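See below for protein.cif, which holds mmCIF, C-alpha atoms and all ligand atoms; chains and numbers go by the auth columns.
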data_entry
loop_
_atom_site.group_PDB
_atom_site.id
_atom_site.type_symbol
_atom_site.label_atom_id
_atom_site.label_comp_id
_atom_site.label_asym_id
_atom_site.label_seq_id
_atom_site.Cartn_x
_atom_site.Cartn_y
_atom_site.Cartn_z
_atom_site.B_iso_or_equiv
_atom_site.auth_seq_id
_atom_site.auth_asym_id
ATOM 1 C CA MET A 1 24.318 -39.634 82.599 0.00 142 A
ATOM 2 C CA THR A 2 26.617 -36.836 81.512 0.00 143 A
ATOM 3 C CA SER A 3 28.444 -33.887 82.998 0.00 144 A
ATOM 4 C CA LEU A 4 29.289 -32.416 79.588 0.00 145 A
ATOM 5 C CA SER A 5 28.566 -28.773 78.856 0.00 146 A
ATOM 6 C CA ALA A 6 26.828 -28.035 75.572 0.00 147 A
ATOM 7 C CA ASN A 7 28.605 -24.704 75.127 0.00 148 A
ATOM 8 C CA SER A 8 32.059 -26.157 75.612 0.00 149 A
ATOM 9 C CA VAL A 9 31.403 -29.070 73.235 0.00 150 A
ATOM 10 C CA PHE A 10 29.971 -26.723 70.610 0.00 151 A
ATOM 11 C CA LYS A 11 32.793 -24.208 70.982 0.00 152 A
ATOM 12 C CA LYS A 12 35.347 -26.826 69.926 0.00 153 A
ATOM 13 C CA LEU A 13 33.676 -27.668 66.601 0.00 154 A
ATOM 14 C CA PRO A 14 35.486 -26.615 63.424 0.00 155 A
ATOM 15 C CA ALA A 15 34.398 -23.249 62.077 0.00 156 A
ATOM 16 C CA GLY A 16 32.500 -23.017 58.815 0.00 157 A
ATOM 17 C CA ASP A 17 30.264 -25.419 56.978 0.00 158 A
ATOM 18 C CA PHE A 18 27.117 -26.556 58.844 0.00 159 A
ATOM 19 C CA ARG A 19 27.360 -30.149 57.548 0.00 160 A
ATOM 20 C CA ALA A 20 30.982 -30.470 58.622 0.00 161 A
ATOM 21 C CA ARG A 21 30.146 -29.002 62.039 0.00 162 A
ATOM 22 C CA CYS A 22 27.272 -31.467 62.519 0.00 163 A
ATOM 23 C CA GLN A 23 29.464 -34.399 61.501 0.00 164 A
ATOM 24 C CA ALA A 24 32.188 -33.271 63.909 0.00 165 A
ATOM 25 C CA LEU A 25 29.568 -32.898 66.631 0.00 166 A
ATOM 26 C CA CYS A 26 28.422 -36.528 66.250 0.00 167 A
ATOM 27 C CA GLU A 27 32.007 -37.740 66.386 0.00 168 A
ATOM 28 C CA SER A 28 33.000 -35.625 69.362 0.00 169 A
ATOM 29 C CA LEU A 29 29.918 -36.649 71.355 0.00 170 A
ATOM 30 C CA ARG A 30 30.812 -40.285 70.891 0.00 171 A
ATOM 31 C CA ALA A 31 34.445 -39.667 71.844 0.00 172 A
ATOM 32 C CA LEU A 32 33.503 -37.617 74.909 0.00 173 A
ATOM 33 C CA ASN A 33 30.883 -40.026 76.241 0.00 174 A
ATOM 34 C CA PRO A 34 31.320 -43.723 75.409 0.00 175 A
ATOM 35 C CA ALA A 35 27.776 -44.336 76.672 0.00 176 A
ATOM 36 C CA TYR A 36 26.667 -42.580 73.480 0.00 177 A
ATOM 37 C CA ASP A 37 27.109 -45.705 71.390 0.00 178 A
ATOM 38 C CA TRP A 38 25.490 -44.492 68.178 0.00 179 A
ATOM 39 C CA ILE A 39 24.652 -40.858 67.433 0.00 180 A
ATOM 40 C CA GLY A 40 22.795 -39.532 64.436 0.00 181 A
ATOM 41 C CA LEU A 41 21.054 -36.363 63.355 0.00 182 A
ATOM 42 C CA TYR A 42 17.821 -36.744 61.423 0.00 183 A
ATOM 43 C CA TRP A 43 16.274 -33.854 59.495 0.00 184 A
ATOM 44 C CA VAL A 44 12.583 -33.346 58.798 0.00 185 A
ATOM 45 C CA GLU A 45 11.773 -33.654 55.089 0.00 186 A
ATOM 46 C CA GLY A 46 8.038 -33.512 54.439 0.00 187 A
ATOM 47 C CA ALA A 47 6.446 -36.427 56.278 0.00 188 A
ATOM 48 C CA ASP A 48 9.788 -38.162 56.874 0.00 189 A
ATOM 49 C CA LEU A 49 12.946 -37.915 58.885 0.00 190 A
ATOM 50 C CA VAL A 50 16.086 -38.256 56.778 0.00 191 A
ATOM 51 C CA LEU A 51 19.417 -39.310 58.252 0.00 192 A
ATOM 52 C CA GLY A 52 22.186 -36.730 58.101 0.00 193 A
ATOM 53 C CA PRO A 53 25.531 -37.080 59.882 0.00 194 A
ATOM 54 C CA TRP A 54 26.081 -39.961 62.251 0.00 195 A
ATOM 55 C CA SER A 55 28.824 -41.647 64.256 0.00 196 A
ATOM 56 C CA GLY A 56 28.876 -45.275 65.351 0.00 197 A
ATOM 57 C CA ASP A 57 30.374 -48.681 64.642 0.00 198 A
ATOM 58 C CA GLN A 58 27.714 -49.541 62.075 0.00 199 A
ATOM 59 C CA ALA A 59 25.519 -47.755 59.575 0.00 200 A
ATOM 60 C CA THR A 60 21.780 -47.880 60.210 0.00 201 A
ATOM 61 C CA GLY A 61 19.300 -49.131 57.628 0.00 202 A
ATOM 62 C CA HIS A 62 16.893 -46.481 58.914 0.00 203 A
ATOM 63 C CA VAL A 63 18.022 -43.680 56.655 0.00 204 A
ATOM 64 C CA ARG A 64 14.439 -42.457 56.125 0.00 205 A
ATOM 65 C CA ILE A 65 11.831 -42.828 58.871 0.00 206 A
ATOM 66 C CA PRO A 66 8.204 -41.738 58.434 0.00 207 A
ATOM 67 C CA ILE A 67 7.284 -39.294 61.220 0.00 208 A
ATOM 68 C CA SER A 68 4.387 -41.671 61.914 0.00 209 A
ATOM 69 C CA GLN A 69 6.877 -44.375 62.997 0.00 210 A
ATOM 70 C CA GLY A 70 9.519 -45.164 65.569 0.00 211 A
ATOM 71 C CA ILE A 71 10.749 -43.404 68.649 0.00 212 A
ATOM 72 C CA CYS A 72 12.291 -40.922 66.234 0.00 213 A
ATOM 73 C CA GLY A 73 8.880 -40.138 64.771 0.00 214 A
ATOM 74 C CA ALA A 74 7.277 -39.935 68.219 0.00 215 A
ATOM 75 C CA ALA A 75 9.673 -37.190 69.345 0.00 216 A
ATOM 76 C CA VAL A 76 8.546 -35.037 66.407 0.00 217 A
ATOM 77 C CA ARG A 77 4.839 -35.881 66.793 0.00 218 A
ATOM 78 C CA GLU A 78 4.895 -35.171 70.508 0.00 219 A
ATOM 79 C CA ALA A 79 7.337 -32.256 70.116 0.00 220 A
ATOM 80 C CA GLN A 80 9.368 -33.382 73.079 0.00 221 A
ATOM 81 C CA THR A 81 12.441 -35.308 74.136 0.00 222 A
ATOM 82 C CA ILE A 82 11.804 -39.020 74.535 0.00 223 A
ATOM 83 C CA ILE A 83 13.907 -41.256 76.756 0.00 224 A
ATOM 84 C CA VAL A 84 13.290 -44.994 76.408 0.00 225 A
ATOM 85 C CA ASP A 85 14.922 -46.961 79.228 0.00 226 A
ATOM 86 C CA ASP A 86 14.328 -50.343 77.604 0.00 227 A
ATOM 87 C CA VAL A 87 13.786 -50.344 73.850 0.00 228 A
ATOM 88 C CA GLN A 88 12.685 -53.970 73.862 0.00 229 A
ATOM 89 C CA SER A 89 9.613 -53.104 75.875 0.00 230 A
ATOM 90 C CA ASP A 90 8.614 -50.120 73.716 0.00 231 A
ATOM 91 C CA PRO A 91 6.320 -51.085 70.828 0.00 232 A
ATOM 92 C CA ARG A 92 7.297 -47.917 68.921 0.00 233 A
ATOM 93 C CA TYR A 93 10.938 -48.987 68.695 0.00 234 A
ATOM 94 C CA LEU A 94 12.415 -49.531 65.215 0.00 235 A
ATOM 95 C CA ALA A 95 15.364 -51.870 65.750 0.00 236 A
ATOM 96 C CA CYS A 96 18.746 -50.932 64.309 0.00 237 A
ATOM 97 C CA PHE A 97 21.547 -52.565 66.265 0.00 238 A
ATOM 98 C CA THR A 98 21.541 -55.763 68.318 0.00 239 A
ATOM 99 C CA GLN A 99 23.458 -54.095 71.153 0.00 240 A
ATOM 100 C CA THR A 100 20.998 -51.230 71.661 0.00 241 A
ATOM 101 C CA ARG A 101 19.105 -51.307 74.968 0.00 242 A
ATOM 102 C CA SER A 102 18.041 -47.686 75.447 0.00 243 A
ATOM 103 C CA GLU A 103 17.510 -44.564 73.371 0.00 244 A
ATOM 104 C CA ILE A 104 17.115 -40.801 73.677 0.00 245 A
ATOM 105 C CA VAL A 105 15.679 -38.590 70.947 0.00 246 A
ATOM 106 C CA VAL A 106 15.791 -34.793 71.235 0.00 247 A
ATOM 107 C CA PRO A 107 14.003 -32.450 68.802 0.00 248 A
ATOM 108 C CA ILE A 108 15.951 -29.639 67.135 0.00 249 A
ATOM 109 C CA TYR A 109 13.984 -26.412 66.708 0.00 250 A
ATOM 110 C CA ALA A 110 14.687 -23.520 64.363 0.00 251 A
ATOM 111 C CA ASP A 111 12.420 -20.461 64.439 0.00 252 A
ATOM 112 C CA GLY A 112 9.906 -22.371 66.567 0.00 253 A
ATOM 113 C CA LEU A 113 9.582 -25.338 64.205 0.00 254 A
ATOM 114 C CA ILE A 114 11.057 -28.820 64.582 0.00 255 A
ATOM 115 C CA VAL A 115 13.603 -29.191 61.795 0.00 256 A
ATOM 116 C CA GLY A 116 15.358 -32.313 63.010 0.00 257 A
ATOM 117 C CA GLU A 117 16.466 -34.319 65.999 0.00 258 A
ATOM 118 C CA ILE A 118 19.408 -35.853 67.813 0.00 259 A
ATOM 119 C CA ASP A 119 19.067 -39.640 68.150 0.00 260 A
ATOM 120 C CA ILE A 120 21.363 -41.553 70.518 0.00 261 A
ATOM 121 C CA ASP A 121 21.422 -45.282 71.271 0.00 262 A
ATOM 122 C CA GLY A 122 22.891 -46.787 74.433 0.00 263 A
ATOM 123 C CA LYS A 123 24.088 -50.284 75.262 0.00 264 A
ATOM 124 C CA GLN A 124 22.723 -50.375 78.819 0.00 265 A
ATOM 125 C CA ILE A 125 19.143 -50.367 80.003 0.00 266 A
ATOM 126 C CA GLY A 126 18.367 -46.939 81.475 0.00 267 A
ATOM 127 C CA GLU A 127 21.501 -45.369 79.980 0.00 268 A
ATOM 128 C CA PHE A 128 20.026 -41.860 79.671 0.00 269 A
ATOM 129 C CA ASP A 129 18.672 -39.528 82.345 0.00 270 A
ATOM 130 C CA LYS A 130 17.711 -35.890 82.917 0.00 271 A
ATOM 131 C CA SER A 131 21.357 -34.795 82.701 0.00 272 A
ATOM 132 C CA ASP A 132 21.570 -36.161 79.130 0.00 273 A
ATOM 133 C CA GLN A 133 18.238 -34.545 78.320 0.00 274 A
ATOM 134 C CA LYS A 134 19.374 -31.125 79.561 0.00 275 A
ATOM 135 C CA PHE A 135 22.749 -31.367 77.809 0.00 276 A
ATOM 136 C CA LEU A 136 21.281 -32.545 74.505 0.00 277 A
ATOM 137 C CA GLU A 137 18.438 -30.019 74.555 0.00 278 A
ATOM 138 C CA GLU A 138 21.012 -27.251 75.001 0.00 279 A
ATOM 139 C CA LEU A 139 23.026 -28.711 72.147 0.00 280 A
ATOM 140 C CA ALA A 140 19.903 -28.954 69.987 0.00 281 A
ATOM 141 C CA ALA A 141 19.236 -25.253 70.601 0.00 282 A
ATOM 142 C CA LEU A 142 22.774 -24.395 69.466 0.00 283 A
ATOM 143 C CA ILE A 143 22.350 -26.516 66.327 0.00 284 A
ATOM 144 C CA GLY A 144 18.948 -24.973 65.627 0.00 285 A
ATOM 145 C CA ARG A 145 20.447 -21.489 65.766 0.00 286 A
ATOM 146 C CA GLU A 146 22.756 -22.437 62.887 0.00 287 A
ATOM 147 C CA TRP A 147 20.129 -24.309 60.820 0.00 288 A
ATOM 148 C CA PRO A 148 20.681 -23.066 57.262 0.00 289 A
ATOM 149 C CA GLY A 149 17.095 -23.739 56.126 0.00 290 A
ATOM 150 C CA ARG A 150 17.675 -27.054 54.391 0.00 291 A
ATOM 151 C CA TRP A 151 19.978 -30.024 54.693 0.00 292 A
HETATM 152 N N1 LIG B . 15.449 -46.678 66.911 0.00 1 B
HETATM 153 C C1 LIG B . 14.940 -45.583 66.142 0.00 1 B
HETATM 154 C C2 LIG B . 15.331 -45.714 64.702 0.00 1 B
HETATM 155 C C3 LIG B . 16.640 -45.106 64.373 0.00 1 B
HETATM 156 S S1 LIG B . 17.977 -46.039 64.858 0.00 1 B
HETATM 157 O O1 LIG B . 18.036 -46.067 66.352 0.00 1 B
HETATM 158 C C4 LIG B . 19.387 -45.393 64.331 0.00 1 B
HETATM 159 C C5 LIG B . 13.442 -45.470 66.308 0.00 1 B
HETATM 160 O O2 LIG B . 12.821 -46.303 66.964 0.00 1 B
HETATM 161 O O3 LIG B . 12.862 -44.539 65.756 0.00 1 B
#
Rewrite the coordinates I just gave you, this time as structure tokens.
Ligand code: SME
Amino acid sequence: MTSLSANSVFKKLPAGDFRARCQALCESLRALNPAYDWIGLYWVEGADLVLGPWSGDQATGHVRIPISQGICGAAVREAQTIIVDDVQSDPRYLACFTQTRSEIVVPIYADGLIVGEIDIDGKQIGEFDKSDQKFLEELAALIGREWPGRW
């Protein structure tokens, strides 16, 4: 659950370079909402998703995920936000961190195409709800507007 406003979070990012802004976004999301335990942006590259900026206690081994796999891949294939209340009961789940219990993945669109996604892991079952979905979809739209065409 969140009461954050996408516009106000986005407004506070440093001006300039898209990569630096995306990195700052991951870090500020984690600072603003401790329920966002691990946050990463993946970018579509051919048939894969490639990890860009992220913020969390640990690095993930999933730096390249085929779009055919994972909850990350499913969000692109289905072209919609996916909320998984309990990752252990979802056969699509690609495990990263032992503490992860739930996950939300939100596609990022630019010019009508999915160019990437926001991936967030939570430590509680059912950590994410419609308020997170709305907030993160608004954020994804703001990111998509700045998408420079390639990562
Ligand atoms: N759990 C994701 C993989 C990425 S990690 O959470 C960072 C998935 O099932 O696609």
Practice task
Report as number ranges by chain the full result of the PyMOL selection byres (((not hetatm)) within 8 of (chain B and resi 1)) when it is applied to this structure.
Solution key: A: 179-181, 201-204, 206, 210-215, 233-238, 241, 244, 260-262
If you apply the PyMOL selection byres (((chain A and resi 154-162) around 10) and not hetatm) to this file, what residues do you get, as a PDB file with C-alpha atoms, in the frame of the given file?
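As written to disk, expr29.pdb reads:
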ATOM      1  CA  SER A 149      32.059 -26.157  75.612  1.00  0.00           C
ATOM      2  CA  VAL A 150      31.403 -29.070  73.235  1.00  0.00           C
ATOM      3  CA  PHE A 151      29.971 -26.723  70.610  1.00  0.00           C
ATOM      4  CA  LYS A 152      32.793 -24.208  70.982  1.00  0.00           C
ATOM      5  CA  LYS A 153      35.347 -26.826  69.926  1.00  0.00           C
ATOM      6  CA  CYS A 163      27.272 -31.467  62.519  1.00  0.00           C
ATOM      7  CA  GLN A 164      29.464 -34.399  61.501  1.00  0.00           C
ATOM      8  CA  ALA A 165      32.188 -33.271  63.909  1.00  0.00           C
ATOM      9  CA  LEU A 166      29.568 -32.898  66.631  1.00  0.00           C
ATOM     10  CA  CYS A 167      28.422 -36.528  66.250  1.00  0.00           C
ATOM     11  CA  GLU A 168      32.007 -37.740  66.386  1.00  0.00           C
ATOM     12  CA  SER A 169      33.000 -35.625  69.362  1.00  0.00           C
ATOM     13  CA  GLY A 193      22.186 -36.730  58.101  1.00  0.00           C
ATOM     14  CA  PRO A 194      25.531 -37.080  59.882  1.00  0.00           C
ATOM     15  CA  ILE A 284      22.350 -26.516  66.327  1.00  0.00           C
ATOM     16  CA  GLU A 287      22.756 -22.437  62.887  1.00  0.00           C
ATOM     17  CA  TRP A 288      20.129 -24.309  60.820  1.00  0.00           C
ATOM     18  CA  PRO A 289      20.681 -23.066  57.262  1.00  0.00           C
ATOM     19  CA  TRP A 292      19.978 -30.024  54.693  1.00  0.00           C
TER      20      TRP A 292
END
Exercise for the section: Please measure the separation of atom CA of Gln229 of chain A and atom CA of Arg242 of chain A, giving the value in Å to one decimal. Expected result: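 Atom-to-atom, atom CA of Gln229 of chain A to atom CA of Arg242 of chain A, that is 7.0 Å.
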Would you pick out the contacts of Gly290 of chain A at 10 Å or less, using all atoms listed in the file, so that residues sharing its chain but fewer than 4 positions from it are not included, and give the list as a PDB file with C-alpha atoms, in the coordinates of the input?
ATOM      1  CA  ALA A 251      14.687 -23.520  64.363  1.00  0.00           C
ATOM      2  CA  VAL A 256      13.603 -29.191  61.795  1.00  0.00           C
ATOM      3  CA  GLY A 285      18.948 -24.973  65.627  1.00  0.00           C
TER       4      GLY A 285
END
Please write the residues picked by the PyMOL selection byres (((chain A and resi 255) around 10) and not hetatm) on this file as a PDB file with C-alpha atoms, in the coordinates of the input.
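File written: selection_5.pdb
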ATOM      1  CA  TRP A 184      16.274 -33.854  59.495  1.00  0.00           C
ATOM      2  CA  VAL A 185      12.583 -33.346  58.798  1.00  0.00           C
ATOM      3  CA  ALA A 216       9.673 -37.190  69.345  1.00  0.00           C
ATOM      4  CA  VAL A 217       8.546 -35.037  66.407  1.00  0.00           C
ATOM      5  CA  ARG A 218       4.839 -35.881  66.793  1.00  0.00           C
ATOM      6  CA  ALA A 220       7.337 -32.256  70.116  1.00  0.00           C
ATOM      7  CA  GLN A 221       9.368 -33.382  73.079  1.00  0.00           C
ATOM      8  CA  PRO A 248      14.003 -32.450  68.802  1.00  0.00           C
ATOM      9  CA  ILE A 249      15.951 -29.639  67.135  1.00  0.00           C
ATOM     10  CA  TYR A 250      13.984 -26.412  66.708  1.00  0.00           C
ATOM     11  CA  ALA A 251      14.687 -23.520  64.363  1.00  0.00           C
ATOM     12  CA  ASP A 252      12.420 -20.461  64.439  1.00  0.00           C
ATOM     13  CA  GLY A 253       9.906 -22.371  66.567  1.00  0.00           C
ATOM     14  CA  LEU A 254       9.582 -25.338  64.205  1.00  0.00           C
ATOM     15  CA  VAL A 256      13.603 -29.191  61.795  1.00  0.00           C
ATOM     16  CA  GLY A 257      15.358 -32.313  63.010  1.00  0.00           C
ATOM     17  CA  GLU A 258      16.466 -34.319  65.999  1.00  0.00           C
ATOM     18  CA  GLY A 285      18.948 -24.973  65.627  1.00  0.00           C
TER      19      GLY A 285
END
Exercise for the section: For each of A:Ile259, A:Val247, A:Thr143, A:Leu283, take the minimum atom-to-atom distance to Thr222 of chain A, counting only C-alpha atoms, then give the residue where this is smallest. Expected result: A:Val247
Problem - Residues within 8 Å of Pro207 of chain A, all atoms listed in the file, excluding chain neighbours under 4 positions, as a VMD selection string - result: chain A and resid 188 to 190 214
Problem - Residue among A:Leu277, A:Leu182, A:Val191, A:Val225 lying closest to Asn148 of chain A, counting all atoms listed in the file - result: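 Under the stated criterion, the closest residue is A:Leu277.
The two atoms in question, atom CA of Thr239 of chain A and atom CA of Ala176 of chain A, are spaced 15.5 Å apart.
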Problem - Residue nearest Glu278 of chain A among A:Tyr183, A:Leu192, A:Ala147, A:Met142 (counting all atoms listed in the file) - result: A:Ala147
Exercise for the section: Grab the atom CA of Lys264 of chain A to atom CA of Asp178 of chain A distance for me, in Å with one decimal place. Expected result: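 These two atoms are separated by 6.7 Å.
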Exercise for the section: Using all atoms listed in the file, pick whichever of A:Val246, A:Phe276, A:Gly197, A:Ser230 has the shortest atom-to-atom distance to Pro175 of chain A. Expected result: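 So, comparing all the options, the nearest one is A:Gly197.
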Practice task
Have a look at A:Ser196, A:Gln240, A:Ser209, A:Ser144 and name the one nearest to Asp270 of chain A; count only C-alpha atoms.
Solution key: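 Counting only C-alpha atoms, the residue closest to Asp270 of chain A is A:Ser144.
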Around all listed atoms of segment 271-278 of chain A, padded 8 Å per side, what centre and edge lengths does the axis-aligned box have in Å to one decimal, as JSON?
{"center_x": 20.2, "center_y": -33.1, "center_z": 78.7, "size_x": 21.0, "size_y": 22.1, "size_z": 24.4}
